[in-house]
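Participant: entry.cif is reproduced below (mmCIF, C-alpha atoms).
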data_coords
loop_
_atom_site.label_atom_id
_atom_site.label_comp_id
_atom_site.auth_asym_id
_atom_site.auth_seq_id
_atom_site.Cartn_x
_atom_site.Cartn_y
_atom_site.Cartn_z
CA MET A 1 0.00 0.00 0.00
CA GLY A 2 1.36 3.40 -0.90
CA ILE A 3 1.61 6.22 1.58
CA PRO A 4 -1.11 8.85 1.09
CA SER A 5 0.01 12.39 0.42
CA GLY A 6 0.64 14.33 3.61
CA TYR A 7 1.38 11.30 5.78
CA THR A 8 4.55 9.61 6.92
CA SER A 9 4.88 5.85 6.99
CA ALA A 10 4.52 5.89 10.79
CA GLN A 11 1.02 7.37 10.45
CA VAL A 12 -0.36 4.70 8.15
CA VAL A 13 -2.09 1.74 9.77
CA GLN A 14 -1.06 -1.28 7.76
CA ALA A 15 -3.45 -3.74 9.40
CA VAL A 16 -5.91 -3.89 12.27
CA PRO A 17 -4.42 -6.13 14.98
CA THR A 18 -6.36 -9.26 15.84
CA GLY A 19 -8.74 -8.70 18.73
CA ILE A 20 -9.35 -5.01 18.04
CA ASN A 21 -13.08 -4.53 17.50
CA SER A 22 -15.24 -1.46 17.22
CA ALA A 23 -17.18 -0.93 20.43
CA LEU A 24 -20.23 0.54 18.69
CA VAL A 25 -21.31 -1.09 15.45
CA LEU A 26 -23.87 0.34 13.03
CA ILE A 27 -26.50 -2.34 12.43
CA SER A 28 -29.06 -0.56 10.29
CA THR A 29 -30.07 2.80 8.87
CA THR A 30 -33.73 3.39 8.04
CA THR A 31 -34.87 6.47 6.17
CA ILE A 32 -38.32 7.52 7.31
CA GLY A 33 -40.85 7.79 4.48
CA SER A 34 -43.46 10.46 3.82
CA ALA A 35 -46.33 11.14 6.24
CA VAL A 36 -46.13 7.86 8.15
CA ALA A 37 -47.62 7.28 11.59
CA SER A 38 -45.15 4.59 12.57
CA VAL A 39 -41.86 3.06 11.51
CA THR A 40 -40.87 -0.51 12.33
CA VAL A 41 -37.28 -1.67 12.16
CA SER A 42 -37.73 -5.40 11.92
CA SER A 43 -34.21 -6.81 12.24
CA ALA A 44 -32.69 -4.53 14.82
CA PHE A 45 -31.78 -6.93 17.62
CA SER A 46 -30.09 -10.29 17.60
CA SER A 47 -27.90 -12.55 19.68
CA THR A 48 -24.81 -10.75 18.36
CA TYR A 49 -25.22 -7.86 20.80
CA ASP A 50 -26.75 -7.60 24.25
CA ASN A 51 -27.19 -3.81 24.28
CA TYR A 52 -28.18 -1.22 21.69
CA LYS A 53 -28.31 2.47 20.92
CA ILE A 54 -30.98 3.94 18.63
CA ILE A 55 -30.58 7.48 17.31
CA VAL A 56 -33.40 9.33 15.59
CA SER A 57 -32.50 12.53 13.77
CA GLY A 58 -33.55 14.83 10.96
CA GLY A 59 -37.01 14.82 9.43
CA VAL A 60 -40.08 16.70 10.60
CA ALA A 61 -43.42 16.01 12.24
CA SER A 62 -46.71 17.34 10.93
CA THR A 63 -47.46 18.67 14.42
CA SER A 64 -45.45 18.89 17.62
CA SER A 65 -45.79 15.59 19.37
CA PHE A 66 -43.55 12.77 20.56
CA LEU A 67 -42.56 9.30 19.44
CA LYS A 68 -43.69 6.21 21.31
CA LEU A 69 -41.44 3.17 21.41
CA THR A 70 -42.65 -0.43 21.45
CA LEU A 71 -40.83 -3.73 21.05
CA GLY A 72 -42.10 -6.44 18.71
CA ALA A 73 -45.88 -6.67 18.87
CA THR A 74 -46.04 -6.11 22.62
CA ALA A 75 -48.64 -3.53 23.65
CA THR A 76 -48.61 -3.86 27.42
CA GLY A 77 -46.20 -4.04 30.33
CA TYR A 78 -44.20 -0.86 29.71
CA TYR A 79 -43.11 0.97 32.86
CA TYR A 80 -41.33 4.30 32.89
CA PHE A 81 -40.49 7.45 34.79
CA GLY A 82 -39.38 10.69 33.23
CA ILE A 83 -38.41 14.20 34.09
CA TYR A 84 -38.73 17.13 31.77
CA GLY A 85 -38.54 20.89 31.74
CA SER A 86 -38.66 23.89 29.49
CA ILE A 87 -36.70 27.09 29.38
CA ASN A 88 -40.08 28.77 29.62
CA TRP A 89 -40.62 27.16 33.03
CA GLY A 90 -37.47 28.43 34.69
CA ASN A 91 -35.71 25.81 36.78
CA THR A 92 -38.77 23.81 37.76
CA PRO A 93 -38.98 20.40 36.10
CA SER A 94 -42.01 18.16 35.93
CA GLY A 95 -42.25 14.41 36.27
CA ASP A 96 -44.16 11.79 34.36
CA SER A 97 -44.59 8.11 35.04
CA ALA A 98 -46.69 5.20 33.86
CA ALA A 99 -47.07 1.60 34.98
CA ASN A 100 -48.02 -1.34 32.79
CA THR A 101 -48.81 0.92 29.86
CA THR A 102 -48.89 0.41 26.09
CA SER A 103 -45.57 2.01 25.14
CA TRP A 104 -42.52 3.94 26.26
CA VAL A 105 -41.82 7.55 25.40
CA GLY A 106 -39.10 7.21 22.78
CA GLY A 107 -38.25 10.59 21.33
CA GLY A 108 -39.35 13.97 20.17
CA ALA A 109 -41.29 14.84 17.04
CA SER A 110 -41.48 18.54 16.44
CA THR A 111 -42.18 20.49 13.28
CA ASN A 112 -38.46 21.32 13.22
CA SER A 113 -36.98 17.84 13.58
CA LEU A 114 -37.21 14.37 15.05
CA THR A 115 -34.94 13.53 17.95
CA GLY A 116 -34.14 10.63 20.20
CA THR A 117 -31.13 8.95 21.76
CA ILE A 118 -32.43 5.65 23.06
CA GLU A 119 -30.46 3.05 24.99
CA LEU A 120 -31.82 -0.50 25.26
CA THR A 121 -30.42 -3.17 27.52
CA ALA A 122 -30.99 -6.82 26.62
CA PRO A 123 -33.92 -6.63 24.16
CA ASN A 124 -32.87 -9.94 22.58
CA LEU A 125 -32.09 -11.73 25.84
CA ALA A 126 -34.67 -13.68 27.81
CA LYS A 127 -34.67 -10.91 30.42
CA ASN A 128 -36.62 -7.76 31.11
CA THR A 129 -35.55 -5.05 28.67
CA SER A 130 -34.64 -1.73 30.22
CA TYR A 131 -34.49 1.53 28.36
CA SER A 132 -33.59 5.18 28.64
CA THR A 133 -33.96 8.10 26.30
CA ILE A 134 -32.86 11.70 26.20
CA TYR A 135 -34.27 14.13 23.69
CA SER A 136 -35.28 17.70 23.10
CA ASP A 137 -38.51 18.95 21.66
CA ASN A 138 -36.69 21.15 19.19
CA ARG A 139 -38.75 24.30 19.13
CA THR A 140 -38.94 27.56 21.04
CA GLY A 141 -40.33 26.77 24.47
CA GLY A 142 -40.07 23.06 23.80
CA THR A 143 -39.25 20.63 26.56
CA HIS A 144 -36.03 18.74 27.26
CA ILE A 145 -36.66 15.26 28.43
CA MET A 146 -35.13 12.19 30.08
CA TYR A 147 -36.99 8.92 30.56
CA GLY A 148 -36.06 5.50 31.90
CA GLY A 149 -37.99 2.32 32.41
CA TYR A 150 -38.36 -1.34 31.66
CA LEU A 151 -40.60 -3.83 29.91
CA ALA A 152 -42.06 -6.47 32.19
CA ASP A 153 -41.61 -9.53 30.04
CA THR A 154 -38.77 -11.79 28.94
CA THR A 155 -39.56 -12.00 25.23
CA GLN A 156 -36.50 -12.03 22.99
CA TYR A 157 -37.19 -9.17 20.58
CA THR A 158 -35.80 -8.57 17.13
CA ALA A 159 -37.92 -5.54 16.14
CA PHE A 160 -39.02 -2.18 17.47
CA THR A 161 -41.53 0.44 16.34
CA LEU A 162 -41.63 4.20 16.75
CA THR A 163 -45.16 5.61 16.53
CA THR A 164 -46.21 9.25 16.61
CA ASN A 165 -48.46 10.25 19.46
CA THR A 166 -50.42 12.31 16.99
CA GLY A 167 -49.92 13.38 13.39
CA THR A 168 -47.28 11.99 11.07
CA ILE A 169 -43.54 12.12 10.51
CA THR A 170 -41.60 12.59 7.29
CA GLY A 171 -37.94 12.10 6.51
CA GLY A 172 -35.18 11.72 9.00
CA THR A 173 -33.17 8.67 9.89
CA ILE A 174 -33.29 5.90 12.46
CA ARG A 175 -29.89 4.40 13.11
CA VAL A 176 -29.43 1.29 15.24
CA TYR A 177 -26.06 0.49 16.81
CA GLY A 178 -24.98 -2.53 18.79
CA TYR A 179 -22.51 -2.41 21.65
CA ALA A 180 -19.85 -5.05 21.16
CA ASN A 181 -20.10 -7.72 23.84
CA SER A 182 -16.34 -8.02 24.09
CA MET S 29 -61.50 5.09 11.99
CA ALA S 30 -58.85 7.35 10.49
CA THR S 31 -56.44 6.04 7.90
CA TYR S 32 -52.74 5.82 8.68
CA LYS S 33 -49.62 4.98 6.77
CA VAL S 34 -47.11 2.72 8.45
CA GLN S 35 -43.56 1.92 7.46
CA ILE S 36 -41.96 -1.51 7.87
CA ASP S 37 -38.26 -1.11 7.21
CA ASN S 38 -38.27 0.62 3.81
CA GLU S 39 -41.82 -0.23 2.75
CA VAL S 40 -44.63 2.28 3.34
CA ARG S 41 -48.21 0.99 3.19
CA ASP S 42 -51.67 1.69 4.61
CA ALA S 43 -52.17 0.44 8.16
CA THR S 44 -54.34 -2.61 8.59
CA PRO S 45 -57.49 -2.13 10.70
CA ALA S 46 -55.73 -3.84 13.61
CA GLU S 47 -52.68 -1.57 13.28
CA ALA S 48 -54.88 1.51 13.03
CA ALA S 49 -56.80 0.44 16.12
CA GLN S 50 -53.55 0.00 18.04
CA ILE S 51 -52.28 3.43 16.95
CA GLU S 52 -55.52 5.04 18.10
CA ALA S 53 -55.52 3.16 21.40
CA GLN S 54 -51.96 4.31 22.12
CA GLN S 55 -52.82 7.87 21.18
CA ALA S 56 -55.88 7.88 23.41
CA GLU S 57 -53.92 6.54 26.36
CA ALA S 58 -51.11 9.04 25.88
CA GLN S 59 -53.59 11.90 25.55
CA ALA S 60 -55.31 10.82 28.77
CA ARG S 61 -51.94 10.88 30.55
CA VAL S 62 -51.23 14.39 29.25
CA GLU S 63 -54.64 15.61 30.37
CA ALA S 64 -54.23 14.02 33.81
CA ALA S 65 -50.83 15.67 34.25
CA GLU S 66 -52.25 19.04 33.21
CA ALA S 67 -55.16 18.65 35.61
CA LYS S 68 -52.75 17.80 38.43
CA ALA S 69 -50.66 20.89 37.66
CA VAL S 70 -53.75 23.10 37.64
CA ALA S 71 -54.93 21.64 40.95
CA ARG S 72 -51.49 22.17 42.48
CA GLN S 73 -51.44 25.77 41.34
CA ALA S 74 -54.90 26.35 42.81
CA VAL S 75 -53.75 25.03 46.20
CA LEU S 76 -50.64 27.20 46.12
CA GLU S 77 -52.72 30.27 45.34
CA LYS S 78 -55.08 29.43 48.19
CA LEU S 79 -52.09 29.20 50.53
CA GLY S 80 -50.48 32.31 49.11
CA LEU S 81 -47.31 30.45 48.12
CA THR S 82 -45.19 30.73 45.03
CA GLU S 83 -43.99 27.59 43.24
CA GLN S 84 -40.48 28.25 44.53
CA GLU S 85 -41.71 28.56 48.13
CA ALA S 86 -43.66 25.35 47.76
CA GLN S 87 -40.55 23.54 46.58
CA LEU S 88 -38.61 24.80 49.58
CA LEU S 89 -41.35 23.57 51.92
CA LEU S 90 -42.28 20.32 50.25
CA GLY S 91 -39.13 19.40 48.38
CA SER S 92 -40.97 18.80 45.11
#
Could you rewrite the structure in this file as structure tokens?

Facilitator:
Amino acid sequence: MGIPSGYTSAQVVQAVPTGINSALVLISTTTIGSAVASVTVSSAFSSTYDNYKIIVSGGVASTSSFLKLTLGATATGYYYFGIYGSINWGNTPSGDSAANTTSWVGGGASTNSLTGTIELTAPNLAKNTSYSTIYSDNRTGGTHIMYGGYLADTTQYTAFTLTTNTGTITGGTIRVYGYANS
Amino acid sequence: MATYKVQIDNEVRDATPAEAAQIEAQQAEAQARVEAAEAKAVARQAVLEKLGLTEQEAQLLLGS
């Protein structure tokens, strides 16, 4: 291999040593279509990784709302607690919680953009799946939000769905990453 | 029942009646939670006004 212009031979990696793996591996990228109420990523989780990160970015919502997150076809057993605040509220946050409900709060869906940084622990293991998300409702006076919770079953999931609370979403990207197990 | 479009991976199609029903059930539940939270906030504010306390004073007293 030749040496690229501007580099010395000491700066060129000739080979990746055995045993060096990327810690965060991109599994899938899904481009959100036009005016959809939900998006399912069907082959997101597998036995290759125990833990996952899902990032939602870009796109727009038809009205300011939020994105609900569900795993597989499960529509019950979601528990969560969240805290959120707005610059318009000063320093006083509010809380939100739900027990044995139909979905988690997954991300934001404003008319400016879609947002969500979701962490999932063990969705494909025969364990309870836990989750957290941090996102901003990207608009003036919008809220900034953190949620955490778990799903009270031990189903081994491969798919997840993001559904708007109201209205539709268009464009934007859902990226799924796996954390290397070792 | 309203019509919805759903996306499965890269395919966009009309929601089936069962999918549409699930979307509407989730929306109704989420809306109920929002309304309950708003009602709780309004009730809290009414109590504070009755006591003559600001939100900040209430937090100092109650820790929440």

Participant: Tell me which of A:Pro93, A:Gly82, A:Gly149, A:Gly58 sits closest to Gln87 (chain S), counting all atoms listed in the file.

Facilitator: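 Of the candidates, the smallest distance to Gln87 (chain S) is held by A:Pro93.
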
Participant: Excluding region 98-101 of chain A and its own-chain neighbours fewer than 6 positions away, which residues fall within 12 Å of it when counting only C-alpha atoms? Please give them as a PDB file with C-alpha atoms, keeping the file's coordinate frame.

Facilitator:
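Below is the file that was written, around-v5.pdb:
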ATOM      1  CA  LYS A  68     -43.690   6.210  21.310  1.00  0.00           C
ATOM      2  CA  LEU A  69     -41.440   3.170  21.410  1.00  0.00           C
ATOM      3  CA  THR A  70     -42.650  -0.430  21.450  1.00  0.00           C
ATOM      4  CA  THR A  74     -46.040  -6.110  22.620  1.00  0.00           C
ATOM      5  CA  ALA A  75     -48.640  -3.530  23.650  1.00  0.00           C
ATOM      6  CA  THR A  76     -48.610  -3.860  27.420  1.00  0.00           C
ATOM      7  CA  GLY A  77     -46.200  -4.040  30.330  1.00  0.00           C
ATOM      8  CA  TYR A  78     -44.200  -0.860  29.710  1.00  0.00           C
ATOM      9  CA  TYR A  79     -43.110   0.970  32.860  1.00  0.00           C
ATOM     10  CA  TYR A  80     -41.330   4.300  32.890  1.00  0.00           C
ATOM     11  CA  PHE A  81     -40.490   7.450  34.790  1.00  0.00           C
ATOM     12  CA  GLY A  82     -39.380  10.690  33.230  1.00  0.00           C
ATOM     13  CA  TYR A 147     -36.990   8.920  30.560  1.00  0.00           C
ATOM     14  CA  GLY A 148     -36.060   5.500  31.900  1.00  0.00           C
ATOM     15  CA  GLY A 149     -37.990   2.320  32.410  1.00  0.00           C
ATOM     16  CA  TYR A 150     -38.360  -1.340  31.660  1.00  0.00           C
ATOM     17  CA  LEU A 151     -40.600  -3.830  29.910  1.00  0.00           C
ATOM     18  CA  ALA A 152     -42.060  -6.470  32.190  1.00  0.00           C
ATOM     19  CA  ASP A 153     -41.610  -9.530  30.040  1.00  0.00           C
TER      20      ASP A 153
ATOM     21  CA  ALA S  53     -55.520   3.160  21.400  1.00  0.00           C
ATOM     22  CA  GLN S  54     -51.960   4.310  22.120  1.00  0.00           C
ATOM     23  CA  GLN S  55     -52.820   7.870  21.180  1.00  0.00           C
ATOM     24  CA  ALA S  56     -55.880   7.880  23.410  1.00  0.00           C
ATOM     25  CA  GLU S  57     -53.920   6.540  26.360  1.00  0.00           C
ATOM     26  CA  ALA S  58     -51.110   9.040  25.880  1.00  0.00           C
ATOM     27  CA  ALA S  60     -55.310  10.820  28.770  1.00  0.00           C
ATOM     28  CA  ARG S  61     -51.940  10.880  30.550  1.00  0.00           C
ATOM     29  CA  VAL S  62     -51.230  14.390  29.250  1.00  0.00           C
ATOM     30  CA  ALA S  64     -54.230  14.020  33.810  1.00  0.00           C
ATOM     31  CA  ALA S  65     -50.830  15.670  34.250  1.00  0.00           C
TER      32      ALA S  65
END

Participant: On this structure, the PyMOL selection byres ((chain A) within 6 of (chain S)) would catch which residues? List them as a PyMOL selection string, sorted by chain and number.

Facilitator: chain A and resi 36-41+165

Participant: If you measure from CA of Ser42 (chain A) to CA of Leu114 (chain A), what distance in Å do you get, rounded to one decimal?

Facilitator: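 So the answer is 20.0 Å.
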
Participant: Translate the PyMOL selection byres ((chain A and resi 44) around 9) into a concrete residue list for this structure, as an NGL selection string.

Facilitator: :A and (27-28 or 41-43 or 45-46 or 52 or 157-160 or 176-178)

Participant: Would you mind reading off the distance between CA of Ile55 (chain A) and CA of Ser22 (chain A), one decimal, in Å?

Facilitator: 17.8 Å

Participant: Please measure the separation of CA of Tyr84 (chain A) and CA of Thr133 (chain A), giving the value in Å to one decimal.

Facilitator: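 Distance reported for this atom pair: 11.6 Å.
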
Participant: Between A:Ile145, A:Leu120, A:Leu162, A:Leu26, which one has atoms that come closest to Gly85 (chain A), using all atoms listed in the file?

Facilitator: A:Ile145

Participant: Could N, CA and C atoms be built for region 97-131 of chain A and written out as a short mmCIF file (atom, residue, chain, number, x, y, z; two decimals), keeping the file's coordinate frame?

Facilitator:
data_model
loop_
_atom_site.label_atom_id
_atom_site.label_comp_id
_atom_site.auth_asym_id
_atom_site.auth_seq_id
_atom_site.Cartn_x
_atom_site.Cartn_y
_atom_site.Cartn_z
N SER A 97 -44.83 9.54 34.86
CA SER A 97 -44.59 8.11 35.04
C SER A 97 -45.81 7.33 34.58
N ALA A 98 -45.59 6.08 34.26
CA ALA A 98 -46.69 5.20 33.86
C ALA A 98 -46.32 3.77 34.19
N ALA A 99 -47.29 3.01 34.63
CA ALA A 99 -47.07 1.60 34.98
C ALA A 99 -47.92 0.72 34.08
N ASN A 100 -47.31 -0.34 33.60
CA ASN A 100 -48.02 -1.34 32.79
C ASN A 100 -48.81 -0.69 31.66
N THR A 101 -48.14 0.18 30.92
CA THR A 101 -48.81 0.92 29.86
C THR A 101 -48.49 0.33 28.49
N THR A 102 -48.96 0.99 27.43
CA THR A 102 -48.89 0.41 26.09
C THR A 102 -47.61 0.73 25.32
N SER A 103 -46.79 1.64 25.87
CA SER A 103 -45.57 2.01 25.14
C SER A 103 -44.66 2.80 26.07
N TRP A 104 -43.42 2.99 25.62
CA TRP A 104 -42.52 3.94 26.26
C TRP A 104 -42.57 5.25 25.49
N VAL A 105 -42.08 6.31 26.12
CA VAL A 105 -41.82 7.55 25.40
C VAL A 105 -40.43 7.41 24.78
N GLY A 106 -40.36 7.51 23.45
CA GLY A 106 -39.10 7.21 22.78
C GLY A 106 -38.30 8.42 22.35
N GLY A 107 -38.99 9.45 21.86
CA GLY A 107 -38.25 10.59 21.33
C GLY A 107 -39.18 11.74 21.02
N GLY A 108 -38.59 12.78 20.48
CA GLY A 108 -39.35 13.97 20.17
C GLY A 108 -39.72 14.02 18.70
N ALA A 109 -40.84 14.67 18.43
CA ALA A 109 -41.29 14.84 17.04
C ALA A 109 -41.86 16.23 16.92
N SER A 110 -41.00 17.17 16.59
CA SER A 110 -41.48 18.54 16.44
C SER A 110 -41.54 18.90 14.96
N THR A 111 -42.09 20.05 14.68
CA THR A 111 -42.18 20.49 13.28
C THR A 111 -40.82 20.95 12.77
N ASN A 112 -39.82 20.99 13.66
CA ASN A 112 -38.46 21.32 13.22
C ASN A 112 -37.63 20.08 12.94
N SER A 113 -37.79 19.05 13.77
CA SER A 113 -36.98 17.84 13.58
C SER A 113 -37.46 16.72 14.49
N LEU A 114 -36.97 15.54 14.21
CA LEU A 114 -37.21 14.37 15.05
C LEU A 114 -35.94 14.12 15.86
N THR A 115 -36.11 13.75 17.12
CA THR A 115 -34.94 13.53 17.95
C THR A 115 -35.15 12.34 18.87
N GLY A 116 -34.07 11.70 19.22
CA GLY A 116 -34.14 10.63 20.20
C GLY A 116 -32.80 9.93 20.30
N THR A 117 -32.34 9.73 21.51
CA THR A 117 -31.13 8.95 21.76
C THR A 117 -31.52 7.88 22.76
N ILE A 118 -31.82 6.72 22.25
CA ILE A 118 -32.43 5.65 23.06
C ILE A 118 -31.39 4.58 23.35
N GLU A 119 -31.34 4.16 24.60
CA GLU A 119 -30.46 3.05 24.99
C GLU A 119 -31.35 1.88 25.41
N LEU A 120 -31.06 0.70 24.89
CA LEU A 120 -31.82 -0.50 25.26
C LEU A 120 -30.86 -1.56 25.80
N THR A 121 -31.22 -2.12 26.92
CA THR A 121 -30.42 -3.17 27.52
C THR A 121 -31.15 -4.49 27.39
N ALA A 122 -30.54 -5.42 26.69
CA ALA A 122 -30.99 -6.82 26.62
C ALA A 122 -32.34 -7.05 25.93
N PRO A 123 -32.63 -6.36 24.82
CA PRO A 123 -33.92 -6.63 24.16
C PRO A 123 -34.01 -8.02 23.54
N ASN A 124 -32.85 -8.62 23.22
CA ASN A 124 -32.87 -9.94 22.58
C ASN A 124 -32.50 -11.06 23.56
N LEU A 125 -32.33 -10.71 24.82
CA LEU A 125 -32.09 -11.73 25.84
C LEU A 125 -33.41 -12.08 26.52
N ALA A 126 -33.46 -13.25 27.10
CA ALA A 126 -34.67 -13.68 27.81
C ALA A 126 -34.70 -13.04 29.20
N LYS A 127 -34.68 -11.72 29.20
CA LYS A 127 -34.67 -10.91 30.42
C LYS A 127 -35.61 -9.73 30.21
N ASN A 128 -35.94 -9.04 31.28
CA ASN A 128 -36.62 -7.76 31.11
C ASN A 128 -35.71 -6.83 30.31
N THR A 129 -36.30 -6.08 29.40
CA THR A 129 -35.55 -5.05 28.67
C THR A 129 -35.68 -3.73 29.42
N SER A 130 -34.56 -3.06 29.64
CA SER A 130 -34.64 -1.73 30.22
C SER A 130 -34.27 -0.70 29.16
N TYR A 131 -34.72 0.51 29.37
CA TYR A 131 -34.49 1.53 28.36
C TYR A 131 -34.28 2.88 29.01
#
